[in-house]
Amino acid sequence: MWGSPPWALDPCARLTPKGVGMVSRRRVLLGFLGLSLVRAQEIRVEEVVGALEVPWALAFLPGGGMLISERPGRIRLFRGGRLSTYAELPVYARGESGLLGLALHPRFPEAPYVYAYRTVEAGGLRNQVVRLRHLGERGVLERVILDGIPARPHGLHSGGRIAFGPDGMLYVTTGEVYERELAQDLASLGGKVLRLTPEGEPAPGNPFLGQKGARPEIYSLGHRNPQGLAWHPVTGELFLSEHGPSGEQGYGHDEVNVVVPGGNYGWPRVVGRGNDPRYRDPLYFWPEGFPPGNLAFWRGDLYVAGLRGQALLRLVLDGDKGHWRVAGVETVLSGFGRLREVQVGLDGALYVTTSNRDGRGRPRSGDDKVLRLA
């Protein structure tokens, strides 16, 4: 039987009785004591590196080591047990904004480029995607490849996840900066998933190319504050994690969506599953709230990092391309506080970052950390 905390249960997900379990007294006790809980598949957890400041994204280097973005504006290099500063970028670090996503060029290191998503103030407050040139032990800012993504002084709902897909294109998540209608506005880059070439041009085949008044970079719309991107390892479908209005409307409806070109995911017209043919319903949502970080496929299942939920969940999928459902949910890791990044490393292990120094958590000794699950 799957063991699921109350905020992980979606009564609209059509789970079978075998797919839903009650919270064990042991798990509740561990949560109150702040102790770690590792479940499922004989998973082991170890700390890789600590004393980080709001790590937001990881990028694994083919020659060994990893890059770690820190929201105040640093990219750190961890290699051979040593942590160093790889690059420092000017950013507007407030609220949920600053230095966020990281990605390597799909032909790295032959194409020696590192991509980052950041919020900047000089010249007008906005988010942008920049490219750095990799020089071994450090990276040097080369150029801005996409500018003008909405940002606001409060720093909230900036999106920020970037990743290269199986098609070699760069996907970018953007938030609607608490201006809801931007998510439905095809003239705005806010509240969208964008799809770009590695040079920052609108990707060939984008659904709104040539449409008058629409930004050609847009791949999907109707998003509130998307935080994670992952592609199914067999079908190649894009899965996305997204924050619902738990902080402003008194309920959660944080989501996992399967993204299709030109899909409209409803915000702010629809929250959760609206059963409206104009909008795409989520694959899964948490009515009471589980604001997610990133998500990743590992060992055949979908793993979702939880910020306020302070847990790593495993979603077991049933079905096939275009016809998925969530057959079970399990808490795999808890007791480390807020979790933001989850990504599979080149060694096949699953890496997770804590986010307890982001202003919404309770920092512990050694925070923030990169954890390795294997």
# chains A, B, ... in the order shown; residues from 1 in each chain; ligands from 1
$ residues_around --residues "A:Gly309" --least-positions-apart "6" --cutoff "8 Å" --atoms "only C-alpha atoms" --output "PyMOL selection string"
chain A and resi 7+289-292+338
$ write_last_selection --atoms "N, CA and C atoms" --output "compact mmCIF listing (two decimals), in the first residue's frame"
# COMPACT_ATOMS: atom_id res chain seq x y z
N TRP A 7 -1.65 16.02 2.33
CA TRP A 7 -1.57 17.00 1.26
C TRP A 7 -1.16 16.37 -0.05
N GLY A 289 -2.67 21.87 -1.22
CA GLY A 289 -1.40 22.55 -1.43
C GLY A 289 -0.18 21.69 -1.20
N PHE A 290 0.70 21.68 -2.19
CA PHE A 290 2.04 21.09 -2.10
C PHE A 290 2.91 21.87 -3.09
N PRO A 291 3.26 23.13 -2.75
CA PRO A 291 4.02 23.94 -3.71
C PRO A 291 5.31 23.24 -4.13
N PRO A 292 5.43 22.90 -5.40
CA PRO A 292 6.56 22.07 -5.83
C PRO A 292 7.77 22.89 -6.26
N ARG A 338 12.62 22.33 3.40
CA ARG A 338 12.15 22.66 2.07
C ARG A 338 13.09 22.08 1.01
$ residues_around --residues "A:Ala103" --least-positions-apart "6" --cutoff "6 Å" --atoms "only C-alpha atoms" --output "list in words"
Ala59, Val114, Tyr115 and Ala163 of chain A
$ write_last_selection --atoms "C-alpha atoms" --output "PDB file, in the first residue's frame"
ATOM      1  CA  ALA A  59      24.023  21.256 -13.844  1.00  0.00           C
ATOM      2  CA  VAL A 114      26.220  27.442 -19.665  1.00  0.00           C
ATOM      3  CA  TYR A 115      22.753  29.052 -19.637  1.00  0.00           C
ATOM      4  CA  ALA A 163      16.231  22.934 -19.511  1.00  0.00           C
TER       5      ALA A 163
END
$ closest_residue --among "A:Arg269, A:Arg180, A:Arg325, A:Arg299" --to "A:Val344" --atoms "only C-alpha atoms"
A:Arg299
$ residues_around --residues "stretch 71-85 of chain A" --least-positions-apart "5" --cutoff "7 Å" --atoms "only C-alpha atoms" --output "PyMOL selection string"
chain A and resi 54-56+64-66+90-91+93+98-100
$ select_by_dssp --residues "stretch 60-226 of chain A" --states "helix (DSSP H, G or I)" --output "MDAnalysis selection string"
chainID A and resid 180:184
$ closest_residue --among "A:Thr173, A:Ser69, A:Thr197, A:Gln227" --to "A:Pro106" --atoms "only C-alpha atoms"
A:Thr197
$ closest_residue --among "A:Pro166, A:His105, A:Thr353, A:Val120" --to "A:Gly200" --atoms "only C-alpha atoms"
A:His105
$ closest_residue --among "A:Pro282, A:Gly123, A:Gly328, A:Gly337" --to "A:Gly306" --atoms "only C-alpha atoms"
A:Gly337
$ residues_around --residues "A:Leu317" --least-positions-apart "4" --cutoff "8 Å" --atoms "only C-alpha atoms" --output "JSON, numbers by chain"
{"A": [301, 302, 324, 325, 326, 327, 328]}
$ write_last_selection --atoms "C-alpha atoms" --output "tab-separated table (two decimals), in the first residue's frame"
chain	number	residue	atom	x	y	z
A	301	ASP	CA	8.72	7.02	-11.74
A	302	LEU	CA	8.20	10.76	-11.45
A	324	TRP	CA	-1.48	9.04	-18.17
A	325	ARG	CA	-2.92	8.83	-14.69
A	326	VAL	CA	-1.26	8.80	-11.27
A	327	ALA	CA	-1.68	5.33	-9.79
A	328	GLY	CA	0.09	5.99	-6.49
$ residues_around --residues "A:Gly101" --least-positions-apart "2" --cutoff "6 Å" --atoms "only C-alpha atoms" --output "compact mmCIF listing (two decimals) with all heavy atoms, in the first residue's frame"
# COMPACT_ATOMS: atom_id res chain seq x y z
N ALA A 57 19.36 25.48 -8.74
CA ALA A 57 19.44 24.53 -9.85
C ALA A 57 20.83 23.90 -9.88
O ALA A 57 21.81 24.49 -9.41
CB ALA A 57 19.14 25.21 -11.18
N ALA A 116 21.75 30.49 -17.97
CA ALA A 116 21.20 30.81 -16.66
C ALA A 116 20.01 31.76 -16.82
O ALA A 116 19.93 32.53 -17.78
CB ALA A 116 22.26 31.46 -15.77
N TYR A 117 19.09 31.68 -15.86
CA TYR A 117 17.92 32.56 -15.80
C TYR A 117 18.12 33.47 -14.61
O TYR A 117 18.40 33.00 -13.50
CB TYR A 117 16.68 31.69 -15.63
CG TYR A 117 15.34 32.40 -15.67
CD1 TYR A 117 14.50 32.27 -16.78
CD2 TYR A 117 14.86 33.14 -14.60
CE1 TYR A 117 13.25 32.87 -16.83
CE2 TYR A 117 13.62 33.75 -14.63
CZ TYR A 117 12.81 33.61 -15.75
OH TYR A 117 11.58 34.21 -15.79
N GLY A 160 11.41 30.59 -13.79
CA GLY A 160 12.86 30.50 -13.72
C GLY A 160 13.52 29.18 -14.06
O GLY A 160 14.75 29.11 -14.15
N ARG A 161 12.76 28.12 -14.29
CA ARG A 161 13.40 26.84 -14.64
C ARG A 161 13.76 26.85 -16.13
O ARG A 161 12.96 27.26 -16.97
CB ARG A 161 12.46 25.68 -14.34
CG ARG A 161 13.10 24.29 -14.51
CD ARG A 161 14.17 24.02 -13.49
NE ARG A 161 13.66 24.15 -12.11
CZ ARG A 161 14.43 24.05 -11.04
NH1 ARG A 161 15.74 23.86 -11.18
NH2 ARG A 161 13.92 24.19 -9.82
N ILE A 162 14.95 26.40 -16.47
CA ILE A 162 15.35 26.25 -17.86
C ILE A 162 15.94 24.86 -18.05
O ILE A 162 16.59 24.32 -17.15
CB ILE A 162 16.35 27.33 -18.31
CG1 ILE A 162 17.66 27.26 -17.51
CG2 ILE A 162 15.74 28.72 -18.19
CD1 ILE A 162 18.73 28.23 -18.00
$ atom_distance --atom1 "atom CA of A:Pro261" --atom2 "atom CA of A:Asp281"
14.5 Å
$ atom_distance --atom1 "atom CA of A:Arg215" --atom2 "atom CA of A:Asp185"
9.4 Å
$ closest_residue --among "A:Gly359, A:Tyr351, A:Pro287, A:Val140" --to "A:Glu47" --atoms "only C-alpha atoms"
A:Tyr351
$ closest_residue --among "A:Glu217, A:Trp298, A:Gly361, A:Leu283" --to "A:Ala349" --atoms "only C-alpha atoms"
A:Trp298
$ atom_distance --atom1 "atom CA of A:Leu221" --atom2 "atom CA of A:Val177"
14.1 Å
$ residues_around --residues "A:Ser158" --least-positions-apart "3" --cutoff "12 Å" --atoms "only C-alpha atoms" --output "PyMOL selection string"
chain A and resi 92-101+117-120+125-128+148-155+161+172-179+189-192+223-227+242-243
$ decode --residues "stretch 185-200 of chain A" --atoms "N, CA and C atoms" --output "PDB file, in the first residue's frame"
ATOM      1  N   ASP A 185      -2.225  36.310 -22.027  1.00  0.00           N
ATOM      2  CA  ASP A 185      -1.874  37.327 -23.020  1.00  0.00           C
ATOM      3  C   ASP A 185      -0.743  36.817 -23.910  1.00  0.00           C
ATOM      4  N   LEU A 186      -1.046  36.549 -25.170  1.00  0.00           N
ATOM      5  CA  LEU A 186      -0.033  36.029 -26.094  1.00  0.00           C
ATOM      6  C   LEU A 186       0.995  37.086 -26.481  1.00  0.00           C
ATOM      7  N   ALA A 187       0.756  38.346 -26.131  1.00  0.00           N
ATOM      8  CA  ALA A 187       1.738  39.391 -26.388  1.00  0.00           C
ATOM      9  C   ALA A 187       2.767  39.505 -25.267  1.00  0.00           C
ATOM     10  N   SER A 188       2.579  38.759 -24.193  1.00  0.00           N
ATOM     11  CA  SER A 188       3.471  38.810 -23.038  1.00  0.00           C
ATOM     12  C   SER A 188       4.202  37.484 -22.877  1.00  0.00           C
ATOM     13  N   LEU A 189       5.444  37.559 -22.384  1.00  0.00           N
ATOM     14  CA  LEU A 189       6.211  36.345 -22.077  1.00  0.00           C
ATOM     15  C   LEU A 189       5.897  35.806 -20.686  1.00  0.00           C
ATOM     16  N   GLY A 190       5.063  36.474 -19.921  1.00  0.00           N
ATOM     17  CA  GLY A 190       4.768  36.054 -18.555  1.00  0.00           C
ATOM     18  C   GLY A 190       3.726  34.957 -18.489  1.00  0.00           C
ATOM     19  N   GLY A 191       3.912  34.013 -17.545  1.00  0.00           N
ATOM     20  CA  GLY A 191       2.953  32.928 -17.343  1.00  0.00           C
ATOM     21  C   GLY A 191       2.961  31.919 -18.477  1.00  0.00           C
ATOM     22  N   LYS A 192       4.139  31.595 -18.976  1.00  0.00           N
ATOM     23  CA  LYS A 192       4.261  30.745 -20.161  1.00  0.00           C
ATOM     24  C   LYS A 192       5.359  29.692 -19.982  1.00  0.00           C
ATOM     25  N   VAL A 193       5.370  28.739 -20.906  1.00  0.00           N
ATOM     26  CA  VAL A 193       6.561  27.957 -21.207  1.00  0.00           C
ATOM     27  C   VAL A 193       7.036  28.440 -22.571  1.00  0.00           C
ATOM     28  N   LEU A 194       8.313  28.811 -22.651  1.00  0.00           N
ATOM     29  CA  LEU A 194       8.915  29.296 -23.886  1.00  0.00           C
ATOM     30  C   LEU A 194       9.823  28.224 -24.470  1.00  0.00           C
ATOM     31  N   ARG A 195      10.013  28.275 -25.783  1.00  0.00           N
ATOM     32  CA  ARG A 195      10.885  27.305 -26.468  1.00  0.00           C
ATOM     33  C   ARG A 195      11.780  28.074 -27.438  1.00  0.00           C
ATOM     34  N   LEU A 196      13.098  27.937 -27.208  1.00  0.00           N
ATOM     35  CA  LEU A 196      14.087  28.718 -27.937  1.00  0.00           C
ATOM     36  C   LEU A 196      15.137  27.819 -28.563  1.00  0.00           C
ATOM     37  N   THR A 197      15.809  28.327 -29.592  1.00  0.00           N
ATOM     38  CA  THR A 197      17.017  27.674 -30.082  1.00  0.00           C
ATOM     39  C   THR A 197      18.147  27.976 -29.095  1.00  0.00           C
ATOM     40  N   PRO A 198      19.270  27.262 -29.179  1.00  0.00           N
ATOM     41  CA  PRO A 198      20.392  27.590 -28.297  1.00  0.00           C
ATOM     42  C   PRO A 198      20.923  29.009 -28.474  1.00  0.00           C
ATOM     43  N   GLU A 199      20.605  29.649 -29.582  1.00  0.00           N
ATOM     44  CA  GLU A 199      21.024  31.033 -29.816  1.00  0.00           C
ATOM     45  C   GLU A 199      19.996  32.037 -29.320  1.00  0.00           C
ATOM     46  N   GLY A 200      18.845  31.559 -28.810  1.00  0.00           N
ATOM     47  CA  GLY A 200      17.844  32.449 -28.264  1.00  0.00           C
ATOM     48  C   GLY A 200      16.753  32.861 -29.231  1.00  0.00           C
TER      49      GLY A 200
END
